[in-house]
>>> print(open('work.pdb').read())   # PDB, C-alpha atoms and all ligand atoms
ATOM      1  CA  MET E 238      58.587 149.786  69.934
ATOM      2  CA  GLY E 239      61.789 149.929  67.866
ATOM      3  CA  LYS E 240      62.789 148.754  64.434
ATOM      4  CA  VAL E 241      63.011 145.261  62.986
ATOM      5  CA  VAL E 242      66.086 144.658  60.850
ATOM      6  CA  LEU E 243      66.035 141.944  58.195
ATOM      7  CA  GLN E 244      69.471 140.980  56.919
ATOM      8  CA  GLY E 245      69.167 138.914  53.721
ATOM      9  CA  VAL E 246      66.239 138.874  51.295
ATOM     10  CA  GLY E 247      66.788 135.520  49.596
ATOM     11  CA  ARG E 248      64.373 132.603  49.296
ATOM     12  CA  LEU E 249      63.276 132.698  52.915
ATOM     13  CA  GLY E 250      63.982 136.357  53.717
ATOM     14  CA  SER E 251      61.719 137.494  50.887
ATOM     15  CA  ALA E 252      58.997 135.077  52.037
ATOM     16  CA  ILE E 253      59.166 136.535  55.569
ATOM     17  CA  LEU E 254      59.056 140.059  54.189
ATOM     18  CA  GLU E 255      56.065 139.266  51.969
ATOM     19  CA  GLY E 256      54.233 137.806  54.972
ATOM     20  CA  TRP E 257      54.915 140.864  57.119
ATOM     21  CA  LEU E 258      53.795 143.237  54.368
ATOM     22  CA  LYS E 259      50.685 141.177  53.705
ATOM     23  CA  THR E 260      49.598 141.012  57.364
ATOM     24  CA  GLY E 261      51.062 144.253  58.694
ATOM     25  CA  ALA E 262      52.736 142.169  61.430
ATOM     26  CA  VAL E 263      55.637 144.593  61.159
ATOM     27  CA  ALA E 264      54.712 148.077  60.010
ATOM     28  CA  PRO E 265      56.762 148.968  56.909
ATOM     29  CA  ALA E 266      57.930 152.151  58.657
ATOM     30  CA  ASP E 267      59.502 149.928  61.353
ATOM     31  CA  LEU E 268      61.439 147.830  58.857
ATOM     32  CA  ILE E 269      65.116 148.135  58.021
ATOM     33  CA  ILE E 270      66.239 145.830  55.217
ATOM     34  CA  LEU E 271      69.862 145.002  54.500
ATOM     35  CA  SER E 272      70.526 143.413  51.125
ATOM     36  CA  PRO E 273      73.586 143.531  48.873
ATOM     37  CA  SER E 274      71.409 143.374  45.755
ATOM     38  CA  GLU E 275      68.023 144.700  44.671
ATOM     39  CA  LYS E 276      65.156 142.341  45.497
ATOM     40  CA  PRO E 277      61.487 142.700  44.457
ATOM     41  CA  ALA E 278      60.180 142.147  48.011
ATOM     42  CA  ALA E 279      62.591 144.756  49.387
ATOM     43  CA  GLU E 280      61.545 147.228  46.693
ATOM     44  CA  GLN E 281      57.888 146.617  47.547
ATOM     45  CA  ALA E 282      58.698 147.241  51.222
ATOM     46  CA  ARG E 283      60.606 150.400  50.323
ATOM     47  CA  ALA E 284      57.590 151.675  48.373
ATOM     48  CA  MET E 285      55.491 151.096  51.511
ATOM     49  CA  GLY E 286      57.873 153.062  53.744
ATOM     50  CA  ALA E 287      60.632 150.644  54.782
ATOM     51  CA  GLN E 288      64.292 151.683  54.842
ATOM     52  CA  VAL E 289      66.542 149.654  52.532
ATOM     53  CA  ASN E 290      70.287 149.790  53.200
ATOM     54  CA  PRO E 291      70.129 153.022  55.226
ATOM     55  CA  PRO E 292      73.269 154.384  56.925
ATOM     56  CA  LEU E 293      74.159 151.804  59.588
ATOM     57  CA  GLU E 294      73.539 154.328  62.385
ATOM     58  CA  ALA E 295      69.838 153.429  61.868
ATOM     59  CA  LEU E 296      70.545 150.065  63.550
ATOM     60  CA  ALA E 297      70.848 151.849  66.899
ATOM     61  CA  GLU E 298      67.019 151.807  66.973
ATOM     62  CA  ALA E 299      66.715 148.048  66.363
ATOM     63  CA  ARG E 300      64.684 145.953  68.785
ATOM     64  CA  ALA E 301      65.131 142.802  66.667
ATOM     65  CA  PHE E 302      67.727 141.736  64.126
ATOM     66  CA  VAL E 303      66.666 138.889  61.851
ATOM     67  CA  ILE E 304      69.530 136.889  60.331
ATOM     68  CA  GLY E 305      68.273 135.738  56.925
ATOM     69  CA  VAL E 306      71.627 134.822  55.410
ATOM     70  CA  LYS E 307      73.103 131.341  54.955
ATOM     71  CA  PRO E 308      74.757 129.568  57.901
ATOM     72  CA  ALA E 309      78.170 129.938  56.220
ATOM     73  CA  LYS E 310      77.696 133.703  55.825
ATOM     74  CA  TRP E 311      76.421 135.062  59.129
ATOM     75  CA  VAL E 312      79.782 135.710  60.806
ATOM     76  CA  GLU E 313      81.068 137.729  57.863
ATOM     77  CA  ALA E 314      77.679 139.449  57.433
ATOM     78  CA  SER E 315      77.556 140.515  61.092
ATOM     79  CA  ARG E 316      81.014 142.095  61.065
ATOM     80  CA  SER E 317      80.187 145.482  59.577
ATOM     81  CA  ILE E 318      76.898 145.968  61.446
ATOM     82  CA  LEU E 319      77.843 144.805  64.939
ATOM     83  CA  SER E 320      79.200 148.066  66.319
ATOM     84  CA  HIS E 321      76.062 149.923  65.159
ATOM     85  CA  LEU E 322      73.454 147.470  66.448
ATOM     86  CA  ASN E 323      71.404 148.389  69.516
ATOM     87  CA  ARG E 324      72.859 146.678  72.582
ATOM     88  CA  ASN E 325      69.437 145.281  73.533
ATOM     89  CA  ALA E 326      68.383 144.066  70.094
ATOM     90  CA  VAL E 327      67.188 140.455  70.132
ATOM     91  CA  ILE E 328      68.884 138.336  67.476
ATOM     92  CA  VAL E 329      66.355 136.280  65.533
ATOM     93  CA  SER E 330      68.024 133.464  63.628
ATOM     94  CA  VAL E 331      66.219 131.456  60.980
ATOM     95  CA  MET E 332      69.461 129.672  60.081
ATOM     96  CA  ALA E 333      69.457 125.904  60.033
ATOM     97  CA  GLY E 334      71.853 124.266  62.457
ATOM     98  CA  VAL E 335      73.770 127.178  63.978
ATOM     99  CA  ARG E 336      73.425 127.055  67.777
ATOM    100  CA  GLY E 337      71.977 129.892  69.818
ATOM    101  CA  GLU E 338      75.028 130.062  72.067
ATOM    102  CA  THR E 339      77.339 130.440  69.059
ATOM    103  CA  ILE E 340      75.169 133.212  67.630
ATOM    104  CA  SER E 341      74.944 134.967  70.998
ATOM    105  CA  GLU E 342      78.748 134.889  71.308
ATOM    106  CA  GLY E 343      79.056 136.328  67.798
ATOM    107  CA  PHE E 344      76.636 139.115  68.779
ATOM    108  CA  VAL E 345      78.521 139.891  72.014
ATOM    109  CA  GLY E 346      76.042 138.287  74.400
ATOM    110  CA  ARG E 347      72.759 139.537  72.945
ATOM    111  CA  SER E 348      69.706 137.309  73.449
ATOM    112  CA  VAL E 349      68.884 134.921  70.632
ATOM    113  CA  VAL E 350      65.687 133.290  69.472
ATOM    114  CA  ARG E 351      65.946 130.556  66.877
ATOM    115  CA  ILE E 352      63.084 130.087  64.435
ATOM    116  CA  MET E 353      62.648 127.402  61.807
ATOM    117  CA  PRO E 354      59.951 128.654  59.437
ATOM    118  CA  THR E 355      58.568 127.353  56.170
ATOM    119  CA  THR E 356      58.334 129.468  53.025
ATOM    120  CA  GLY E 357      54.531 129.472  53.496
ATOM    121  CA  VAL E 358      55.097 132.547  55.709
ATOM    122  CA  ALA E 359      54.891 134.461  52.400
ATOM    123  CA  GLN E 360      51.158 133.693  52.296
ATOM    124  CA  ALA E 361      50.884 134.041  56.104
ATOM    125  CA  ARG E 362      50.333 130.246  56.098
ATOM    126  CA  GLY E 363      53.717 129.115  57.361
ATOM    127  CA  VAL E 364      54.652 126.956  60.280
ATOM    128  CA  ALA E 365      57.473 128.088  62.531
ATOM    129  CA  THR E 366      59.262 126.226  65.283
ATOM    130  CA  ILE E 367      60.564 128.537  68.016
ATOM    131  CA  TRP E 368      63.276 128.005  70.610
ATOM    132  CA  ALA E 369      64.914 130.564  72.888
ATOM    133  CA  ALA E 370      66.917 130.384  76.088
ATOM    134  CA  ASP E 371      64.906 133.238  77.625
ATOM    135  CA  ASP E 372      61.234 134.194  77.610
ATOM    136  CA  ALA E 373      61.711 137.761  76.372
ATOM    137  CA  ALA E 374      63.521 136.564  73.233
ATOM    138  CA  ARG E 375      60.940 133.814  72.747
ATOM    139  CA  GLN E 376      58.196 136.473  72.865
ATOM    140  CA  VAL E 377      59.951 138.517  70.168
ATOM    141  CA  GLY E 378      59.997 135.397  67.974
ATOM    142  CA  GLN E 379      56.312 134.823  68.650
ATOM    143  CA  ASP E 380      55.439 138.465  67.885
ATOM    144  CA  LEU E 381      57.297 138.379  64.560
ATOM    145  CA  PHE E 382      56.206 134.943  63.362
ATOM    146  CA  GLY E 383      52.842 134.371  65.095
ATOM    147  CA  PRO E 384      50.971 136.522  62.527
ATOM    148  CA  ILE E 385      52.461 134.671  59.542
ATOM    149  CA  ALA E 386      52.792 131.100  60.805
ATOM    150  CA  GLU E 387      51.409 128.459  63.094
ATOM    151  CA  THR E 388      54.019 128.498  65.844
ATOM    152  CA  VAL E 389      55.335 125.487  67.736
ATOM    153  CA  HIS E 390      57.520 126.185  70.777
ATOM    154  CA  LEU E 391      60.309 123.808  71.749
ATOM    155  CA  ASP E 392      61.870 123.461  75.211
ATOM    156  CA  GLU E 393      65.035 121.768  73.929
ATOM    157  CA  GLU E 394      67.259 123.414  71.336
ATOM    158  CA  ASP E 395      68.596 120.079  70.071
ATOM    159  CA  VAL E 396      65.141 119.070  68.834
ATOM    160  CA  LEU E 397      65.364 121.902  66.287
ATOM    161  CA  HIS E 398      67.379 119.558  64.058
ATOM    162  CA  ALA E 399      64.372 117.231  63.842
ATOM    163  CA  ALA E 400      61.937 120.153  63.437
ATOM    164  CA  THR E 401      64.087 121.464  60.589
ATOM    165  CA  ALA E 402      64.194 118.068  58.888
ATOM    166  CA  VAL E 403      60.423 117.591  59.177
ATOM    167  CA  SER E 404      59.072 121.092  58.783
ATOM    168  CA  GLY E 405      61.676 123.549  57.446
ATOM    169  CA  CYS E 406      62.518 121.122  54.631
ATOM    170  CA  GLY E 407      59.065 119.534  54.516
ATOM    171  CA  PRO E 408      57.437 121.690  51.839
ATOM    172  CA  ALA E 409      60.121 120.562  49.375
ATOM    173  CA  TYR E 410      59.357 116.917  50.177
ATOM    174  CA  PHE E 411      55.672 117.468  49.399
ATOM    175  CA  PHE E 412      56.512 119.342  46.188
ATOM    176  CA  ASP E 413      58.880 116.544  45.191
ATOM    177  CA  PHE E 414      56.208 113.948  45.888
ATOM    178  CA  THR E 415      53.735 116.009  43.848
ATOM    179  CA  ARG E 416      56.175 116.109  40.953
ATOM    180  CA  ALA E 417      56.662 112.333  41.179
ATOM    181  CA  LEU E 418      52.884 111.882  41.196
ATOM    182  CA  ALA E 419      52.575 114.019  38.053
ATOM    183  CA  ARG E 420      55.344 112.029  36.340
ATOM    184  CA  ALA E 421      53.651 108.758  37.265
ATOM    185  CA  GLY E 422      50.423 110.176  35.847
ATOM    186  CA  VAL E 423      52.166 110.849  32.533
ATOM    187  CA  GLU E 424      53.491 107.281  32.528
ATOM    188  CA  ALA E 425      49.928 106.124  33.110
ATOM    189  CA  GLY E 426      48.659 108.040  30.065
ATOM    190  CA  LEU E 427      47.880 111.653  31.091
ATOM    191  CA  GLU E 428      49.119 114.625  29.091
ATOM    192  CA  PRO E 429      51.970 116.333  31.050
ATOM    193  CA  GLU E 430      49.993 119.546  31.552
ATOM    194  CA  ALA E 431      46.912 117.721  32.809
ATOM    195  CA  ALA E 432      49.065 115.505  35.053
ATOM    196  CA  GLU E 433      50.747 118.509  36.675
ATOM    197  CA  ARG E 434      47.458 120.384  37.121
ATOM    198  CA  LEU E 435      45.888 117.315  38.716
ATOM    199  CA  ALA E 436      48.853 116.669  41.014
ATOM    200  CA  ARG E 437      49.072 120.290  42.182
ATOM    201  CA  ALA E 438      45.331 120.636  42.709
ATOM    202  CA  THR E 439      45.304 117.341  44.588
ATOM    203  CA  LEU E 440      48.013 118.661  46.931
ATOM    204  CA  ARG E 441      45.855 121.726  47.650
ATOM    205  CA  SER E 442      42.795 119.560  48.094
ATOM    206  CA  ALA E 443      44.613 117.200  50.483
ATOM    207  CA  ALA E 444      45.940 120.211  52.422
ATOM    208  CA  ALA E 445      42.357 121.414  52.883
ATOM    209  CA  GLY E 446      41.608 118.036  54.466
ATOM    210  CA  VAL E 447      44.171 118.538  57.229
ATOM    211  CA  GLU E 448      42.632 121.905  58.192
ATOM    212  CA  GLY E 449      39.995 119.968  60.137
ATOM    213  CA  PRO E 450      40.307 117.880  63.311
ATOM    214  CA  ASP E 451      40.310 114.431  61.666
ATOM    215  CA  SER E 452      43.273 112.164  62.302
ATOM    216  CA  LEU E 453      45.539 111.248  59.410
ATOM    217  CA  ASP E 454      44.289 107.651  59.670
ATOM    218  CA  ALA E 455      40.682 108.865  59.348
ATOM    219  CA  LEU E 456      41.565 111.077  56.385
ATOM    220  CA  ILE E 457      43.243 108.163  54.574
ATOM    221  CA  ASP E 458      40.357 105.893  55.454
ATOM    222  CA  ARG E 459      37.840 108.301  53.903
ATOM    223  CA  VAL E 460      39.607 108.124  50.528
ATOM    224  CA  ALA E 461      40.426 104.432  50.548
ATOM    225  CA  SER E 462      37.265 102.440  49.949
ATOM    226  CA  PRO E 463      37.682  98.865  51.220
ATOM    227  CA  GLY E 464      39.014  96.671  48.446
ATOM    228  CA  GLY E 465      39.108  99.662  46.128
ATOM    229  CA  VAL E 466      41.505 101.576  43.937
ATOM    230  CA  THR E 467      43.247 103.719  46.601
ATOM    231  CA  GLN E 468      43.926 100.686  48.752
ATOM    232  CA  ALA E 469      45.654  99.037  45.801
ATOM    233  CA  GLY E 470      47.843 102.129  45.424
ATOM    234  CA  LEU E 471      48.605 102.359  49.159
ATOM    235  CA  ILE E 472      49.557  98.684  49.387
ATOM    236  CA  ALA E 473      52.020  99.143  46.494
ATOM    237  CA  MET E 474      53.448 102.328  48.021
ATOM    238  CA  ASN E 475      53.990 100.731  51.429
ATOM    239  CA  GLU E 476      55.273  97.343  50.300
ATOM    240  CA  ASN E 477      57.957  96.200  52.765
ATOM    241  CA  GLY E 478      57.730  99.588  54.491
ATOM    242  CA  ALA E 479      58.982 101.358  51.355
ATOM    243  CA  LEU E 480      57.326 104.722  52.041
ATOM    244  CA  ASN E 481      58.355 104.865  55.711
ATOM    245  CA  ARG E 482      61.876 103.858  54.774
ATOM    246  CA  VAL E 483      62.304 106.542  52.140
ATOM    247  CA  VAL E 484      60.812 109.285  54.337
ATOM    248  CA  GLN E 485      62.907 108.199  57.335
ATOM    249  CA  SER E 486      66.059 108.301  55.224
ATOM    250  CA  ALA E 487      65.207 111.842  54.055
ATOM    251  CA  VAL E 488      64.641 113.045  57.627
ATOM    252  CA  ASP E 489      67.787 111.281  58.898
ATOM    253  CA  ALA E 490      69.904 112.857  56.134
ATOM    254  CA  ALA E 491      68.476 116.322  56.864
ATOM    255  CA  VAL E 492      69.073 115.925  60.628
ATOM    256  CA  ALA E 493      72.672 114.871  59.878
ATOM    257  CA  LYS E 494      73.199 117.926  57.666
ATOM    258  CA  SER E 495      71.650 120.280  60.230
ATOM    259  CA  THR E 496      73.864 118.758  62.934
ATOM    260  CA  GLU E 497      76.919 119.209  60.697
ATOM    261  CA  LEU E 498      76.026 122.916  60.290
ATOM    262  CA  SER E 499      75.921 123.318  64.083
ATOM    263  CA  GLY E 500      79.679 122.716  64.128
TER     264      GLY E 500
HETATM  265  N1  LIG J   1      64.704 128.464  52.075
HETATM  266  C1  LIG J   1      63.988 127.950  53.086
HETATM  267  O1  LIG J   1      62.892 127.377  52.903
HETATM  268  C2  LIG J   1      64.493 128.047  54.488
HETATM  269  C3  LIG J   1      65.700 128.640  54.792
HETATM  270  N2  LIG J   1      66.115 128.736  56.100
HETATM  271  C4  LIG J   1      67.344 129.444  56.435
HETATM  272  O2  LIG J   1      67.251 130.749  55.899
HETATM  273  C5  LIG J   1      68.548 131.235  55.576
HETATM  274  C6  LIG J   1      68.554 131.766  54.153
HETATM  275  O3  LIG J   1      68.277 130.690  53.292
HETATM  276  P1  LIG J   1      67.774 130.964  51.824
HETATM  277  O4  LIG J   1      66.843 132.132  51.847
HETATM  278  O5  LIG J   1      67.292 129.676  51.299
HETATM  279  O6  LIG J   1      69.148 131.383  51.117
HETATM  280  P2  LIG J   1      69.378 132.434  49.948
HETATM  281  O7  LIG J   1      70.752 132.199  49.441
HETATM  282  O8  LIG J   1      68.238 132.402  48.999
HETATM  283  O9  LIG J   1      69.321 133.850  50.700
HETATM  284  C7  LIG J   1      70.385 134.399  51.405
HETATM  285  C8  LIG J   1      70.408 135.885  51.070
HETATM  286  O10 LIG J   1      71.366 136.511  51.925
HETATM  287  C9  LIG J   1      71.936 137.573  51.186
HETATM  288  N3  LIG J   1      73.174 138.022  51.820
HETATM  289  C10 LIG J   1      74.403 137.448  51.784
HETATM  290  N4  LIG J   1      75.280 138.205  52.482
HETATM  291  C11 LIG J   1      74.593 139.267  52.974
HETATM  292  C12 LIG J   1      74.947 140.376  53.776
HETATM  293  N5  LIG J   1      76.188 140.568  54.199
HETATM  294  N6  LIG J   1      73.978 141.255  54.104
HETATM  295  C13 LIG J   1      72.714 141.089  53.682
HETATM  296  N7  LIG J   1      72.318 140.040  52.913
HETATM  297  C14 LIG J   1      73.250 139.143  52.573
HETATM  298  C15 LIG J   1      72.131 137.007  49.800
HETATM  299  O11 LIG J   1      72.239 138.037  48.853
HETATM  300  C16 LIG J   1      70.840 136.190  49.636
HETATM  301  O12 LIG J   1      69.841 136.952  48.995
HETATM  302  C17 LIG J   1      69.523 130.091  55.773
HETATM  303  O13 LIG J   1      70.236 130.310  56.960
HETATM  304  C18 LIG J   1      68.622 128.858  55.878
HETATM  305  O14 LIG J   1      69.159 127.890  56.743
HETATM  306  C19 LIG J   1      65.340 128.260  57.117
HETATM  307  C20 LIG J   1      64.147 127.672  56.873
HETATM  308  C21 LIG J   1      63.618 127.490  55.553
HETATM  309  O1  LIG J   2      67.669 123.721  52.812
HETATM  310  C1  LIG J   2      68.032 124.404  53.786
HETATM  311  O2  LIG J   2      69.187 124.325  54.234
HETATM  312  C2  LIG J   2      67.054 125.326  54.434
HETATM  313  C3  LIG J   2      66.807 124.958  55.867
HETATM  314  C4  LIG J   2      65.464 124.312  55.906
HETATM  315  C5  LIG J   2      64.901 124.593  54.590
HETATM  316  N1  LIG J   2      65.758 125.178  53.822
END
>>> encode(input="work.pdb", output="structure tokens")
Amino acid sequence: MGKVVLQGVGRLGSAILEGWLKTGAVAPADLIILSPSEKPAAEQARAMGAQVNPPLEALAEARAFVIGVKPAKWVEASRSILSHLNRNAVIVSVMAGVRGETISEGFVGRSVVRIMPTTGVAQARGVATIWAADDAARQVGQDLFGPIAETVHLDEEDVLHAATAVSGCGPAYFFDFTRALARAGVEAGLEPEAAERLARATLRSAAAGVEGPDSLDALIDRVASPGGVTQAGLIAMNENGALNRVVQSAVDAAVAKSTELSG
């Protein structure tokens, strides 16, 4: 089967690692982790049998090489490992922006699959958008991320910018909204601790609602009694298209940044 190399155990890399360890999607004995500093998730993986920073000759057994470093770092990070990496290893990039063709050139023609996951992969409850130029690479992406995320396959690489702006970044938008809701609750008279507990629990409760088949319109409708309290809040939030405008501007800015990173 071959080894899976994870290069970079930062915010997202550690979430991926936690998801794999939790689900067994990648057996710890098949994991090679490359990290310049000690990381709790890497240490947990090591205790379960993974190799952390082994001699680079170990990369000759790699079937997949996951780039978990920042877009500005991958070229430098690939330099020392390239000559050791199995010729047939599939390069799995979770980097925002950087194009598959550019990565493939940097990895001397190896196949590339691009994935845009959310940090929810840590709890095996992520969502991951997948694009690859060839089916074999796409399958590697599915095998690695299917067990820890709901996967959405794209036919067009360019649409990854939009998927990144909506989904890769999306959890932060919801957390930001939740924080704003808690702050508004404090303004309205709640104690800060109660306001934060209520806002966080409401996010979880709303998330449970979207597990089912109901449309978003139906879900909103169920909360908003006609002429009632929720409707008053929704009317204020959407006055002159305010909510759509602010969300659209966030997505547009993220798409622009992702496009900038693609060079
Ligand atoms: N944080 C997120 O929610 C998401 C991040 N991404 C992508 O994931 C990648 C990583 O992002 P974050 O985890 O947020 O950044 P981060 O800065 O938290 O993690 C990057 C890690 O790479 C390590 N690193 C740097 N040079 C290295 C090298 N030569 N060898 C091994 N490790 C090295 C750093 O020590 C750091 O721990 C980025 O390309 C980003 O676009 C994609 C989707 C979501
Ligand atoms: O903020 C970032 O650049 C990365 C990509 C999507 C989520 N986090």
>>> residues_near_ligand(input="work.pdb", ligand="ligand LIG 2 (chain J)", cutoff="8 Å", atoms="only C-alpha atoms and all ligand atoms", output="PyMOL selection string")
chain E and resi 249+332-333+353-355+401-402+404-407+495
>>> axis_aligned_box(input="work.pdb", around="ligand LIG 1 (chain J)", padding_each_side="4 Å", output="JSON")
{"center_x": 69.5, "center_y": 134.3, "center_z": 53.0, "size_x": 21.3, "size_y": 21.9, "size_z": 16.3}
>>> closest_residue(input="work.pdb", among="E:Gly378, E:Gly363, E:Gly446, E:Gly500", to="ligand LIG 1 (chain J)", atoms="all atoms listed in the file")
E:Gly363
>>> closest_atom_pairs(input="work.pdb", of="chain E", to="ligand LIG 1 (chain J)", cutoff="8 Å", atoms="only C-alpha atoms and all ligand atoms", output="tab-separated table")
residue	atom	partner	partner_atom	distance
E:Gln244	CA	J:LIG1	C13	4.6
E:Gly245	CA	J:LIG1	N7	3.4
E:Val246	CA	J:LIG1	O12	4.7
E:Gly247	CA	J:LIG1	O9	3.2
E:Arg248	CA	J:LIG1	O4	3.6
E:Leu249	CA	J:LIG1	O4	3.8
E:Gly250	CA	J:LIG1	O4	5.4
E:Ser251	CA	J:LIG1	O4	7.5
E:Leu271	CA	J:LIG1	C13	4.9
E:Ser272	CA	J:LIG1	C13	4.1
E:Pro273	CA	J:LIG1	C13	5.5
E:Ser274	CA	J:LIG1	O11	6.2
E:Lys276	CA	J:LIG1	O12	8.0
E:Ile304	CA	J:LIG1	O13	7.4
E:Gly305	CA	J:LIG1	C5	4.7
E:Val306	CA	J:LIG1	O10	3.9
E:Lys307	CA	J:LIG1	O13	3.6
E:Pro308	CA	J:LIG1	O13	4.7
E:Ala309	CA	J:LIG1	O13	8.0
E:Lys310	CA	J:LIG1	N4	6.1
E:Trp311	CA	J:LIG1	N5	7.4
E:Glu313	CA	J:LIG1	N5	6.7
E:Ala314	CA	J:LIG1	N5	3.7
E:Ser315	CA	J:LIG1	N5	7.0
E:Ser330	CA	J:LIG1	O13	7.7
E:Val331	CA	J:LIG1	C19	5.1
E:Met332	CA	J:LIG1	O13	3.3
E:Ala333	CA	J:LIG1	O14	3.9
E:Gly334	CA	J:LIG1	O14	7.3
E:Ile352	CA	J:LIG1	C19	7.9
E:Met353	CA	J:LIG1	C20	5.2
E:Pro354	CA	J:LIG1	C20	5.0
E:Thr355	CA	J:LIG1	C21	5.1
E:Thr356	CA	J:LIG1	O1	5.0
E:Thr401	CA	J:LIG1	C20	7.2
E:Gly405	CA	J:LIG1	C21	4.8
E:Cys406	CA	J:LIG1	O1	6.5
E:Pro408	CA	J:LIG1	O1	8.0
>>> closest_residue(input="work.pdb", among="E:Val483, E:Thr467, E:Ser452, E:Thr439", to="Tyr410 of chain E", atoms="all atoms listed in the file")
E:Val483
>>> residues_around(input="work.pdb", residues="segment 266-269 of chain E", least_positions_apart="4", cutoff="7 Å", atoms="only C-alpha atoms", output="list in words")
Gly239, Lys240, Val241, Val242, Leu243, Gly286, Ala287, Gln288 and Val289 of chain E
>>> write_last_selection(input="work.pdb", atoms="C-alpha atoms", output="tab-separated table (two decimals), in the frame of the given file")
chain	number	residue	atom	x	y	z
E	239	GLY	CA	61.79	149.93	67.87
E	240	LYS	CA	62.79	148.75	64.43
E	241	VAL	CA	63.01	145.26	62.99
E	242	VAL	CA	66.09	144.66	60.85
E	243	LEU	CA	66.04	141.94	58.20
E	286	GLY	CA	57.87	153.06	53.74
E	287	ALA	CA	60.63	150.64	54.78
E	288	GLN	CA	64.29	151.68	54.84
E	289	VAL	CA	66.54	149.65	52.53
>>> atom_distance(input="work.pdb", atom1="atom CA of Ser442 of chain E", atom2="atom CA of Phe411 of chain E")
13.1 Å
>>> atom_distance(input="work.pdb", atom1="atom CA of Phe382 of chain E", atom2="atom CA of Arg351 of chain E")
11.2 Å
>>> atom_distance(input="work.pdb", atom1="atom CA of Met285 of chain E", atom2="atom CA of Ile328 of chain E")
24.4 Å
>>> closest_residue(input="work.pdb", among="E:Thr415, E:Ala252, E:Glu294, E:Trp257", to="Pro384 of chain E", atoms="only C-alpha atoms")
E:Trp257
>>> residues_around(input="work.pdb", residues="Thr339 of chain E", least_positions_apart="4", cutoff="10 Å", atoms="all atoms listed in the file", output="list in words")
Val335, Gly343, Phe344, Val345, Gly346, Val349, Ser499 and Gly500 of chain E
>>> resolve_selection(input="work.pdb", expression="the PyMOL selection byres (((chain E and resi 261) around 12) and not hetatm)", output="compact mmCIF listing (two decimals) with C-alpha atoms, in the coordinates of the input")
# COMPACT_ATOMS: atom_id res chain seq x y z
CA ILE E 253 59.17 136.54 55.57
CA LEU E 254 59.06 140.06 54.19
CA GLU E 255 56.06 139.27 51.97
CA GLY E 256 54.23 137.81 54.97
CA TRP E 257 54.92 140.86 57.12
CA LEU E 258 53.80 143.24 54.37
CA LYS E 259 50.68 141.18 53.70
CA THR E 260 49.60 141.01 57.36
CA ALA E 262 52.74 142.17 61.43
CA VAL E 263 55.64 144.59 61.16
CA ALA E 264 54.71 148.08 60.01
CA PRO E 265 56.76 148.97 56.91
CA ALA E 266 57.93 152.15 58.66
CA ASP E 267 59.50 149.93 61.35
CA LEU E 268 61.44 147.83 58.86
CA ALA E 282 58.70 147.24 51.22
CA MET E 285 55.49 151.10 51.51
CA ALA E 361 50.88 134.04 56.10
CA ASP E 380 55.44 138.46 67.89
CA LEU E 381 57.30 138.38 64.56
CA PHE E 382 56.21 134.94 63.36
CA GLY E 383 52.84 134.37 65.10
CA PRO E 384 50.97 136.52 62.53
CA ILE E 385 52.46 134.67 59.54
>>> closest_residue(input="work.pdb", among="E:Ile318, E:Ala295, E:Thr496, E:Ala326", to="Asp395 of chain E", atoms="all atoms listed in the file")
E:Thr496
